[in-house]
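Colleague: Take this structure first; my questions come after.
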Amino acid sequence: MTSAAEAQLLATATAMRWEFGGNLHEQLVEAIYADAARIAERAVTRPDQEPRFDLDRTIDRVVTSRILGFPIMLLALAVVLWLTVIGSNIPSAFLFDLLIDTIYPLLKQIAANAGLAWWIEGILIDGVYLATAWVVSVMLPPMAIFFPLFTLLEDFGYLPRVAFNLDRAFKVAGAHGKQSLSMAMGFGCNAAGVISTAIIDSPREKLIAIITNNFALCNGRWPTQIVLATIFVGALVPSYLAGAAVALVVMGTAVLGVLLTLLVSWALSRSVLKGEVSTFSLELPPYRPPRILQTLYTSVIDRTLKVLWRALIFAAPAGAVIWLISNLTIGGTPIAVHTIDFLNPFGLLLGLNGVILLAYIVAIPANEIVIPTILMLTVLVTGITGVGEGAGVMFELNSEAATGAILRAGGWTLLTAISTMIFVLIHNPCSTTIFTTYKVTGSKRWTTVTALLPLFMGFAVTFGVAQIWRLVEGW
Amino acid sequence: MTEPLVALVAALALLAAAAGLFYPRHGVIPRWRRARQQTRRVRTEDALKHILGCEMSGDRLTVNSLAGALQITSDRAANLLLDMEHRGLLHGESDSIRLTPVGRQSALHILRAHRLWERYLADETGVGELEWHGQAEWHEHQLTSEEAEALAARLGNPTHDPHGDPIPSAEGEMAPHAGIPLISAAVDEPLHIVHIEDEPQTVFAQLLAEGLYPGMEVRLVETSPHRIRFWAGGDEHVLAPVVAANVYVARPADDGRDSVGSRLSDLTRGERGQVVEISSQCRGLERRRLQDLGFLPGAELQAELTSPGGDPVAYRIRGALIALRKEQADLIRIVRAEQAA
């Protein structure tokens with residue numbers, strides 16, 4: 001080709017480029033779709049009339065109606081939570097009985113007979129074994145019940161309708177309606193909640209859902225709230241009102257968590273996440289009968305066991321650490337006591353104390369072992385005799401009154417209990433959730449935000465509450 | 001134990017100090033960073049862009065107009081012009097100042113970088129419309145011509161920025177600036193918006209709030225010295241002439257598409273329609289996703305379900321039930337079934 005012809009060709013191409021504008025690709029896509037539609041028109045036959053009764057459409061009308069939509073949703077959530085709480089008591093008690101009341105003494109016996117060094121026995125049996133056994137017995141049953149129920153609802157096709165109903169509220173907070181589902185999943189387990197954000201296809205809303213999932217009060221934290229509310233709040237009211245007061249306070253914390261989710265979502269979408277791409281689309285698939293066996297398999301294997309395995313990986317070393325800090329001594333005092341003395345001033349500023357802060361540091365693998373660790377450390381610090389199993393051995397008491405007595409001996413007041421309940425709701429996610437967040441986002445930055453944002457929020461809120469409480473008390 | 005009042009006051013003081021340091025835009029650190037950006041190179045490049053703008057629009061370049069555009073004193077503006085002339089970027093003719101070929105090339109590069117960056121922000125990020133210009137003002141000085149080239153390739157060599165301004169090619173060629181200001185357009189003629197000026201920001205914000213965007217169909221109803229009344233996107237708008245002067249319109253090329261249309265969000269439950277187009281306001285990932293779901297010209301759909309709050313609404317399209325929010329449905333133009341028949 002001559003250079004003149006070349007130049008002319010280029011000039012024509014440039015001119016045509018301006019003429020066509022930037023949407024050449026789009027015109028291509030449209031043309032392809034149009035071709036496909038023409039072919040389908042020729043090849044596919046459809047029944048002439050729509051069926052008079054359409055089951056899907058009828059169900060949809062009911063579950064998204066103005067009057068029935070929300071009651072049905074609340075009912076479904078209540079039933080799932082109720083089944084989980086009631087249903088997991090029995091297997092939990094059984095596992096606890098087996099792993100901690102039967103096998104644990106047996107292991108101690110074997111170790112004693114084998115003449116194992118006391119510190120190996122301490123690290124392995126009192127530390128690693130006890131922590132992992134504890135996590136399994138309190139974590140496994142609720143997850144094994146909650147996840148299949150949730151997956152069944154999902155498989156049936158109801159959950160997308162929940163997202164559809166709730167989208168309005170989440171839109172105001174700059175989030176996606178599907179975040180209601182990852183949040184509901186978070187009531188079971190935050191790590192599973194973070195995994196379930198995969199259903200959100202918009203990058204910004206997905207990050208919001210991941211970062212705020214921690215504000216859904218998870219399974220590991222409900223019992224702590226109930227125990228503390230029973231001991232400290234239940235005591236404030238006449239005994240016939242105690243049950244109602246405790247339920248009210250615990251539900252109040254959970255609702256506070258939901259409000260925080262929306263508030264933090266709102267703030268995130270308008271600050272650090274402003275530049276992330278945001279889209280919305282929500283497919284409402286046809287209903288279908290749930291496939292029960294497949295659901296059981298996927299929810300037990302994919303969700304329950306995966307999460308449990310990750311929790312165990314972190315719980316095992318934590319158990320060793322808990323035992324070590326209680327038994328290694330510097331100048332005759334255990335490391336734990338030194339650390340507690342060091343943390344105490346800061347803890348008191350937040351309305352907490354050094355024991356609680358240390359318990360949160362070492363019990364980061366699972367919120368389930370926070371209370372046992374607090375009890376053990378309190379006994380260690382106060383030197384109460386007659387309760388507990390010895391330094392570095394976590395324990396729990398059957399009666400709330402006995403637990404309350406230990407905590408009060410450790411200097412707990414009503415303010416301590418309230419601050420702790422707030423801190424239980426607003427603090428860094430457990431290590432399993434942090435690790436899952438890293439796996440899901442692949443970003444150190446967002447993982448750090450997920451871990452530290454709630455922690456600093458917790459510090460700020462407990463600090464404010466404690467100071468105002470003391471001011472009011474001082475008057 | 002620390003006195004609670006002391007602790008509270010100390011914490012608040014700490015918070016106030018941190019806010020003073022880091023507060024976006026007004027904090028000490030953001031201000032300091034902005035001040036550091038105002039180097040001589042940046043000022044020179046901004047001046048080049050201003051002079052190019054004057055040459056293209058036919059406005060007269062004066063020391064005062066430059067001082068106004070760069071927000072510097074007229075003494076500094078005059079010094080800047082002298083300095084640029086000395087460096088061979090400008091040459092003064094009898095009564096006016098013009099860019100030399102070298103100056104023109106760098107000016108076009110800055111313009112290209114600016115508009116490409118706006119295109120990038122619009123297509124590939126979630127940054128809001130009002131922030132595009134400000135961010136591009138900073139990034140236009142950072143992009144080398146190789147980087148601008150790579151960015152253009154990644155964006156599919158766009159020809160226009162999201163406001164409808166042509167993007168100069170790497171060779172410095174640029175599509176002609178089409179369109180006339182809305183205030184001087186003829187009444188009752190089918191028009192479409194080709195360009196919305198993004199400066200000054202308050203006027204642009206007002207146009208955004210009206211929901212106007214390039215590509216939108218417009219029909220002028222009334223022009224008077226006090227107000228401009230027109231139909232656009234199914235609604236009537238009334239603007240002050242100062243504001244309307246920032247909207248540029250042209251007669252649409254006859255592409256055979258029906259120009260009477262409603263928005264998808266106009267459909268009430270049970271009504272059917274056919275997609276005409278997705279408005280150009282819907283960009284990037286969102287646009288691609290809607291196309292993937294089958295929202296393409298000619299697709300038939302029906303509004304089937306409304307959420308208890310009234311938003312979102314689920315539409316039956318190609319056999320699937322897809323829920324869209326109102327803002328998205330606003331951007332999909334359709335014809336209703338009875339109109340199509």
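Please note that chains go A, B, ... in the order of the structure tokens, that every chain numbers its residues from 1, and that ligands are numbered from 1 in the order shown.
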Return as CSV the residues of chain A lying at most 7 Å from chain B, together with the closest atom-to-atom pair for each and the distance in Å to one decimal, counting only C-alpha atoms, with rows in chain order and ascending residue number.

Modeller:
residue,atom,partner,partner_atom,distance
A:Trp18,CA,B:Ala175,CA,5.9
A:Gly21,CA,B:Thr159,CA,6.2
A:Gly22,CA,B:Pro158,CA,5.4
A:Glu30,CA,B:Leu296,CA,6.5
A:Thr64,CA,B:Ser307,CA,5.9
A:Ser65,CA,B:Pro308,CA,5.8
A:Arg66,CA,B:Pro308,CA,4.5
A:Phe164,CA,B:Ser307,CA,6.2
A:Asn165,CA,B:Ser307,CA,5.2
A:Arg168,CA,B:Asp311,CA,6.2
A:Lys274,CA,B:Val127,CA,6.0
A:Gly275,CA,B:Val127,CA,4.5
A:Glu276,CA,B:Gly126,CA,4.8
A:Val277,CA,B:Gly126,CA,4.1
A:Ser278,CA,B:Gly126,CA,5.8
A:Thr279,CA,B:Glu286,CA,5.1
A:Phe280,CA,B:Leu324,CA,6.9
A:Ser281,CA,B:Leu324,CA,5.7
A:Leu282,CA,B:Ala323,CA,5.0
A:Glu283,CA,B:Ile322,CA,4.5
A:Leu284,CA,B:Leu321,CA,5.3
A:Pro285,CA,B:Leu321,CA,6.6
A:Gln467,CA,B:Pro4,CA,4.8
A:Arg470,CA,B:Pro4,CA,6.4
A:Leu471,CA,B:Pro4,CA,6.2

Colleague: What lies within 10 Å of segment 226-232 of chain B using only C-alpha atoms, ignoring chain neighbours under 6 positions off, as a list in words?

Modeller: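 The filter keeps Leu182, Ile183, Val187, Asp188, Leu191, His192, Ile193, Glu210, Gly211, Leu212, Tyr213, Met216, Glu217, Val218, Arg219, Leu220, Val238, Leu239, Ala240, Pro241, Val242, Val243, Ala244 and Ala245 of chain B.
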
Colleague: With N, CA and C atoms retained, write the just-selected residues as a short mmCIF file (atom, residue, chain, number, x, y, z; two decimals), in the first residue's frame.

Modeller:
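Saved as out-v6.cif:
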data_model
loop_
_atom_site.label_atom_id
_atom_site.label_comp_id
_atom_site.auth_asym_id
_atom_site.auth_seq_id
_atom_site.Cartn_x
_atom_site.Cartn_y
_atom_site.Cartn_z
N LEU B 182 -28.32 25.64 25.15
CA LEU B 182 -29.76 25.43 25.20
C LEU B 182 -30.51 26.75 25.06
N ILE B 183 -29.94 27.84 25.59
CA ILE B 183 -30.67 29.11 25.54
C ILE B 183 -30.86 29.63 24.12
N VAL B 187 -37.30 26.65 19.66
CA VAL B 187 -38.38 26.08 20.47
C VAL B 187 -39.06 24.95 19.71
N ASP B 188 -39.47 23.92 20.47
CA ASP B 188 -40.29 22.84 19.94
C ASP B 188 -39.64 22.04 18.82
N LEU B 191 -34.41 17.68 20.20
CA LEU B 191 -32.98 17.94 20.43
C LEU B 191 -32.47 16.89 21.39
N HIS B 192 -31.15 16.78 21.47
CA HIS B 192 -30.62 16.00 22.58
C HIS B 192 -29.40 16.70 23.17
N ILE B 193 -29.15 16.43 24.45
CA ILE B 193 -28.04 17.09 25.13
C ILE B 193 -26.73 16.47 24.65
N GLU B 210 -31.20 18.22 38.63
CA GLU B 210 -32.32 18.16 37.69
C GLU B 210 -32.37 16.83 36.96
N GLY B 211 -31.27 16.06 37.08
CA GLY B 211 -31.22 14.76 36.42
C GLY B 211 -30.88 14.83 34.95
N LEU B 212 -30.18 15.88 34.53
CA LEU B 212 -29.82 16.02 33.11
C LEU B 212 -28.49 15.33 32.85
N TYR B 213 -28.35 14.75 31.66
CA TYR B 213 -27.09 14.11 31.30
C TYR B 213 -26.95 14.08 29.79
N MET B 216 -29.51 12.81 26.61
CA MET B 216 -30.92 12.91 26.96
C MET B 216 -31.71 13.67 25.89
N GLU B 217 -32.93 13.23 25.64
CA GLU B 217 -33.78 13.92 24.68
C GLU B 217 -34.36 15.18 25.31
N VAL B 218 -34.39 16.25 24.55
CA VAL B 218 -34.87 17.52 25.08
C VAL B 218 -35.80 18.17 24.08
N ARG B 219 -36.84 18.83 24.57
CA ARG B 219 -37.67 19.64 23.70
C ARG B 219 -37.94 20.97 24.41
N LEU B 220 -37.52 22.04 23.79
CA LEU B 220 -37.63 23.36 24.40
C LEU B 220 -39.07 23.83 24.32
N VAL B 238 -37.47 23.65 34.63
CA VAL B 238 -37.38 25.10 34.49
C VAL B 238 -36.03 25.53 35.05
N LEU B 239 -35.24 26.23 34.22
CA LEU B 239 -33.91 26.63 34.68
C LEU B 239 -33.74 28.13 34.47
N ALA B 240 -32.89 28.72 35.30
CA ALA B 240 -32.49 30.11 35.05
C ALA B 240 -31.56 30.13 33.85
N PRO B 241 -31.59 31.22 33.03
CA PRO B 241 -30.74 31.24 31.83
C PRO B 241 -29.26 31.02 32.12
N VAL B 242 -28.75 31.55 33.25
CA VAL B 242 -27.34 31.33 33.58
C VAL B 242 -27.03 29.85 33.68
N VAL B 243 -27.95 29.10 34.26
CA VAL B 243 -27.73 27.66 34.44
C VAL B 243 -27.89 26.94 33.11
N ALA B 244 -28.93 27.31 32.37
CA ALA B 244 -29.21 26.64 31.09
C ALA B 244 -28.10 26.88 30.08
N ALA B 245 -27.35 27.98 30.25
CA ALA B 245 -26.27 28.27 29.32
C ALA B 245 -25.18 27.22 29.36
#

Colleague: DSSP on the backbone: which residues in segment 83-294 of chain B end up as strand (DSSP E)? Give the answer as JSON, numbers by chain.

Modeller: {"B": [90, 91, 92, 97, 98, 99, 180, 181, 190, 191, 192, 193, 194, 195, 196, 217, 218, 219, 220, 221, 222, 223, 228, 229, 230, 231, 232, 235, 236, 237, 238, 239, 247, 248, 249, 250, 262, 263, 272, 273, 274, 275, 276, 277, 278]}

Colleague: Could you please determine the separation between atom CA of Glu129 of chain B and atom CA of Glu236 of chain B in Å, to one decimal place?

Modeller: 22.5 Å

Colleague: Excluding Leu61 of chain B and its own-chain neighbours fewer than 2 positions away, which residues fall within 9 Å of it when counting only C-alpha atoms? Please give them as a ChimeraX atom specification.

Modeller: /B:50-51,54-55,58-59,63-66,96-98

Colleague: Write a file of the just-selected residues containing C-alpha atoms, as a PDB file, in the first residue's frame.

Modeller:
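And here's result.pdb as it stands now:
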ATOM      1  CA  HIS B  50      -6.839  27.881  30.014  1.00  0.00           C
ATOM      2  CA  ILE B  51      -5.190  29.424  26.945  1.00  0.00           C
ATOM      3  CA  CYS B  54      -9.732  30.436  25.040  1.00  0.00           C
ATOM      4  CA  GLU B  55      -8.408  29.594  21.589  1.00  0.00           C
ATOM      5  CA  GLY B  58     -12.735  32.159  20.613  1.00  0.00           C
ATOM      6  CA  ASP B  59     -12.685  34.057  23.897  1.00  0.00           C
ATOM      7  CA  VAL B  63      -4.092  38.532  32.189  1.00  0.00           C
ATOM      8  CA  ASN B  64      -7.218  38.923  34.280  1.00  0.00           C
ATOM      9  CA  SER B  65      -9.009  35.935  32.790  1.00  0.00           C
ATOM     10  CA  LEU B  66      -5.915  33.824  33.483  1.00  0.00           C
ATOM     11  CA  SER B  96      -3.092  38.609  21.305  1.00  0.00           C
ATOM     12  CA  ILE B  97      -1.177  35.703  22.801  1.00  0.00           C
ATOM     13  CA  ARG B  98      -1.151  32.371  21.016  1.00  0.00           C
TER      14      ARG B  98
END

Colleague: Under the rule that only C-alpha atoms are counted, which of B:Leu70, B:Ile278, B:Leu81, B:Ile317 is the nearest residue to Asp330 of chain B?

Modeller: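 Once distances to Asp330 of chain B are computed over only C-alpha atoms, the minimum belongs to B:Ile278.
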
Colleague: How many Å separate atom CA of Phe147 of chain A from atom CA of Ile59 of chain A?

Modeller: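 Straight-line distance from atom CA of Phe147 of chain A to atom CA of Ile59 of chain A works out to 23.9 Å.
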
Colleague: Give me, please, the distance in Å between atom CA of Gln38 of chain B and atom CA of Leu116 of chain B, quoted to one decimal.

Modeller: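 Going from atom CA of Gln38 of chain B over to atom CA of Leu116 of chain B, I get 21.8 Å.
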